[in-house]
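Beneath this line is the structure, given in structure tokens, with notes to follow.
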Amino acid sequence: KKLMKPTQEQLREYFLNNEALCRQVLTLFSLLSNKTRFRILCLLNESDFCVRDITDIIDAGAISHVSQQLKALTLAGLITKKRDKKRVYYRLSDKKFRALIRFLKRQYLVPAPGA
């Protein structure tokens, strides 16, 4: 069975119908374009961590800087946080997003120790 090539009108409708999704993807890539946020997301793909541990592991400077990035990622819905006594632990919130981070790490980063 031969597939028909879509018409310009069908393609225009396709892109119009996916406008909201396109904006979401652009927001996601905008968040990923920051080195500290990307490192945080790669780290959280391994396990849950508190802000102090994240700061120490990714060597991102001040805790306040990492906290700002964690807030942006939380507001975007990419990570969630859970309080355990005095510490707040962060984790990736979405399985599809977890798979995307795994893909990016495999393609563009040197394998992590023990991987």
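Identifiers in this document derive from the order of the structure tokens: chains are assigned A, B, ..., residues are numbered from 1 separately in each chain, and ligands are numbered from 1 in order of occurrence.
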Within 7 Å of segment 35-51 of chain A, counting only C-alpha atoms, which residues show up once you throw out same-chain ones fewer than 6 positions away? Write them as a VMD selection string, please. chain A and resid 58 60 63 66 to 67 69 87 to 92 98 101
Please give the complete set of residues from segment 6-73 of chain A that DSSP, run on the backbone, assigns to helix (DSSP H, G or I), formatted as a PyMOL selection string. chain A and resi 8-17+19-32+35-44+51-58+63-73
Excluding segment 15-28 of chain A and residues on its chain fewer than 3 positions from it, collect all residues at most 10 Å away from it, counting only C-alpha atoms, and give them as a PyMOL selection string. chain A and resi 10-12+31-33+73+76+78+97
Name the residues of chain A that come out as strand (DSSP E or B) in a backbone DSSP run; write them as a list of chain:residue names.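 Selecting the strand (DSSP E or B) positions of chain A gives A:Phe49, A:Cys50, A:Ile79, A:Thr80, A:Lys81, A:Lys82, A:Arg83, A:Asp84, A:Arg87, A:Val88, A:Tyr89, A:Tyr90, A:Arg91, A:Leu92.
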Between atom CA of Asp59 of chain A and atom CA of Arg106 of chain A, measure the distance and give it in Å to one decimal.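 Answer for the atom CA of Asp59 of chain A to atom CA of Arg106 of chain A separation: 21.2 Å.
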Å distance separating atom CA of Pro111 of chain A from atom CA of Ser30 of chain A, one decimal place: 24.1 Å
